[in-house]
Amino acid sequence: MQYPEWIWHNGAIKRWAEATTHVMSHALHYGSSVFEGIRTYDTPNGPIIFRLNDHNTRLFASAKIYDMGIPYTVEQINAACHEVIKANGNTTDYLRPVAYRGLGGFGLSADTPTDVAVATWKMGQYLGASVLEEGIDACVSSWQRFAPNTIPAGAKAGGNYLSGQLVAREARRLGFGEGIALASTGLLSEGAGENLFLVFNGALHTTPVSAALLNGLTRNTIITLARDVGIEVVERDLPREYLYLCDELFMCGTAAEITPIRSVDGRQVGTGRRGPVTERIQELFFGLFNGKTADKYGWLEAVK
């Protein structure tokens, strides 16, 4: 991988290779980090950051759940995001703010300093070239999401993504593009790192936040845009077999954007191609960046 030249780390822009942490840092041993993934897009009016403040507000909410003090404000992290993009010549399309417990103690409840970094790099299409049109083949994982009151799924924490790694790596090993996880109830949860939408009779159906999933900002964007144009959105518990019975199926997230799923467990979904509702949602979403969808909610922030 070609790494960018610059990164923001603990309040300053540094060369990428100089942004180091100690091997005995708390986060490395116990997964005590929180992070965000944020996209930048080119638009007719120049590069923008998508829902920057919403993402970094969630970063602080995740830190609050884990009792992790961040020694900066949301506004300062927002500014750091702009700073690191500019330092790298506006050539990247993905931002990663991360806060983590650093070196300072060795017990689970040790009080340590919180280190903070903002990295940026070129991601492109996370699940592969052409997937936004052609879709992917997915499978239901043998690994389930964590049960309620064990690990808080509502926090975007590093340790939570051990679950996603199991789901994603199993799917790749079996030859699938991505894995889908069930909740501890046996009902649908989400993808390895993406939320799910099923289409029945022109309406969007998605699993609720109580299904051990992260309430994604892309998920929220889709729900908002769909309702704005009169597409019905239903949040409800969904059984596994509905993956095989729906008319269309797609997953979404900052990295995956809006990726159609053409089959699950070898069973064709709908026509086996991207469906009209999925395509319409893609048009609305990417229309935010090409000017065809009005930014009614102030989601686009010009790179400074």
# chains A, B, ... in the order shown; residues from 1 in each chain; ligands from 1
$ residues_around --residues "Leu288 (chain A)" --least-positions-apart "3" --cutoff "10 Å" --atoms "only C-alpha atoms" --output "count of residues only"
14
$ select_by_dssp --residues "region 15-177 of chain A" --states "strand (DSSP E or B)" --output "ChimeraX atom specification"
/A:15,33-35,38-41,48-50,94-101,114-121,136-144,157
$ residues_around --residues "Arg101 (chain A)" --least-positions-apart "2" --cutoff "8 Å" --atoms "only C-alpha atoms" --output "PDB file with N, CA, C and O atoms, in the first residue's frame"
ATOM      1  N   SER A  25       1.074   0.085  24.772  1.00  0.00           N
ATOM      2  CA  SER A  25      -0.096   0.953  24.897  1.00  0.00           C
ATOM      3  C   SER A  25      -1.335   0.116  25.202  1.00  0.00           C
ATOM      4  O   SER A  25      -1.497  -1.007  24.711  1.00  0.00           O
ATOM      5  N   HIS A  26      -2.193   0.678  26.026  1.00  0.00           N
ATOM      6  CA  HIS A  26      -3.400  -0.007  26.487  1.00  0.00           C
ATOM      7  C   HIS A  26      -4.250  -0.506  25.320  1.00  0.00           C
ATOM      8  O   HIS A  26      -4.739  -1.649  25.322  1.00  0.00           O
ATOM      9  N   ALA A  27      -4.409   0.325  24.289  1.00  0.00           N
ATOM     10  CA  ALA A  27      -5.286  -0.027  23.168  1.00  0.00           C
ATOM     11  C   ALA A  27      -4.807  -1.262  22.426  1.00  0.00           C
ATOM     12  O   ALA A  27      -5.617  -2.068  21.942  1.00  0.00           O
ATOM     13  N   SER A  32      -8.884  -0.848  23.381  1.00  0.00           N
ATOM     14  CA  SER A  32      -9.521   0.363  23.910  1.00  0.00           C
ATOM     15  C   SER A  32      -9.292   1.561  22.989  1.00  0.00           C
ATOM     16  O   SER A  32      -8.529   2.476  23.293  1.00  0.00           O
ATOM     17  N   SER A  33      -9.976   1.522  21.862  1.00  0.00           N
ATOM     18  CA  SER A  33      -9.922   2.639  20.922  1.00  0.00           C
ATOM     19  C   SER A  33     -11.319   2.888  20.380  1.00  0.00           C
ATOM     20  O   SER A  33     -12.175   2.003  20.379  1.00  0.00           O
ATOM     21  N   MET A  68     -13.711   7.295  28.153  1.00  0.00           N
ATOM     22  CA  MET A  68     -12.417   7.690  27.602  1.00  0.00           C
ATOM     23  C   MET A  68     -12.437   9.191  27.327  1.00  0.00           C
ATOM     24  O   MET A  68     -13.174   9.653  26.451  1.00  0.00           O
ATOM     25  N   ALA A  99      -9.147   7.692  18.525  1.00  0.00           N
ATOM     26  CA  ALA A  99      -8.699   8.023  19.877  1.00  0.00           C
ATOM     27  C   ALA A  99      -8.487   6.714  20.621  1.00  0.00           C
ATOM     28  O   ALA A  99      -9.313   5.795  20.513  1.00  0.00           O
ATOM     29  N   LEU A 103       0.048   4.645  26.482  1.00  0.00           N
ATOM     30  CA  LEU A 103       0.922   4.056  27.499  1.00  0.00           C
ATOM     31  C   LEU A 103       0.712   4.767  28.832  1.00  0.00           C
ATOM     32  O   LEU A 103       0.697   5.983  28.897  1.00  0.00           O
ATOM     33  N   THR A 112      -4.841   5.957  31.695  1.00  0.00           N
ATOM     34  CA  THR A 112      -3.771   6.238  30.740  1.00  0.00           C
ATOM     35  C   THR A 112      -4.105   7.521  29.981  1.00  0.00           C
ATOM     36  O   THR A 112      -5.265   7.935  29.931  1.00  0.00           O
ATOM     37  N   PRO A 113      -3.116   8.132  29.377  1.00  0.00           N
ATOM     38  CA  PRO A 113      -3.422   9.257  28.485  1.00  0.00           C
ATOM     39  C   PRO A 113      -4.179   8.759  27.265  1.00  0.00           C
ATOM     40  O   PRO A 113      -4.060   7.587  26.873  1.00  0.00           O
ATOM     41  N   THR A 114      -4.973   9.633  26.679  1.00  0.00           N
ATOM     42  CA  THR A 114      -5.670   9.304  25.435  1.00  0.00           C
ATOM     43  C   THR A 114      -4.926   9.946  24.276  1.00  0.00           C
ATOM     44  O   THR A 114      -4.770  11.177  24.230  1.00  0.00           O
ATOM     45  N   ASP A 115      -4.432   9.131  23.370  1.00  0.00           N
ATOM     46  CA  ASP A 115      -3.787   9.628  22.163  1.00  0.00           C
ATOM     47  C   ASP A 115      -4.838   9.758  21.070  1.00  0.00           C
ATOM     48  O   ASP A 115      -5.814   8.996  21.021  1.00  0.00           O
TER      49      ASP A 115
END
$ closest_residue --among "A:Leu166, A:Leu95, A:Ile231, A:Cys246" --to "Leu198 (chain A)" --atoms "only C-alpha atoms"
A:Cys246
$ residues_around --residues "Ala183 (chain A)" --least-positions-apart "5" --cutoff "9 Å" --atoms "only C-alpha atoms" --output "VMD selection string"
chain A and resid 144 to 147 188 to 190 211 to 213
$ residues_around --residues "region 57-66 of chain A" --least-positions-apart "5" --cutoff "12 Å" --atoms "only C-alpha atoms" --output "PyMOL selection string"
chain A and resi 31-38+51-52+71-78+96-101+108-109+114+116+118+151-160+214-217
$ closest_atom_pairs --of "region 155-200 of chain A" --to "region 263-279 of chain A" --cutoff "9 Å" --atoms "only C-alpha atoms" --output "Markdown table"
| residue | atom | partner | partner_atom | distance |
| --- | --- | --- | --- | --- |
| A:Phe176 | CA | A:Asp265 | CA | 8.7 |
| A:Ile180 | CA | A:Val264 | CA | 8.9 |
| A:Val199 | CA | A:Val277 | CA | 7.5 |
$ write_last_selection --atoms "C-alpha atoms" --output "PDB file, in the first residue's frame"
ATOM      1  CA  PHE A 176     -17.858 -14.605  -0.843  1.00  0.00           C
ATOM      2  CA  ILE A 180     -23.752 -11.116   7.124  1.00  0.00           C
ATOM      3  CA  VAL A 199     -36.593  -4.324  -0.399  1.00  0.00           C
TER       4      VAL A 199
END
$ atom_distance --atom1 "CA of Leu225 (chain A)" --atom2 "CA of Pro260 (chain A)"
17.5 Å
$ residues_around --residues "Pro239 (chain A)" --least-positions-apart "3" --cutoff "9 Å" --atoms "only C-alpha atoms" --output "NGL selection string"
:A and (182 or 186-188 or 242-243)
$ select_by_dssp --residues "region 43-233 of chain A" --states "alpha helix (DSSP H)" --output "PyMOL selection string"
chain A and resi 52-65+74-87+131-134+161-173+217-228
$ atom_distance --atom1 "CA of Ala226 (chain A)" --atom2 "CA of Asp54 (chain A)"
19.3 Å
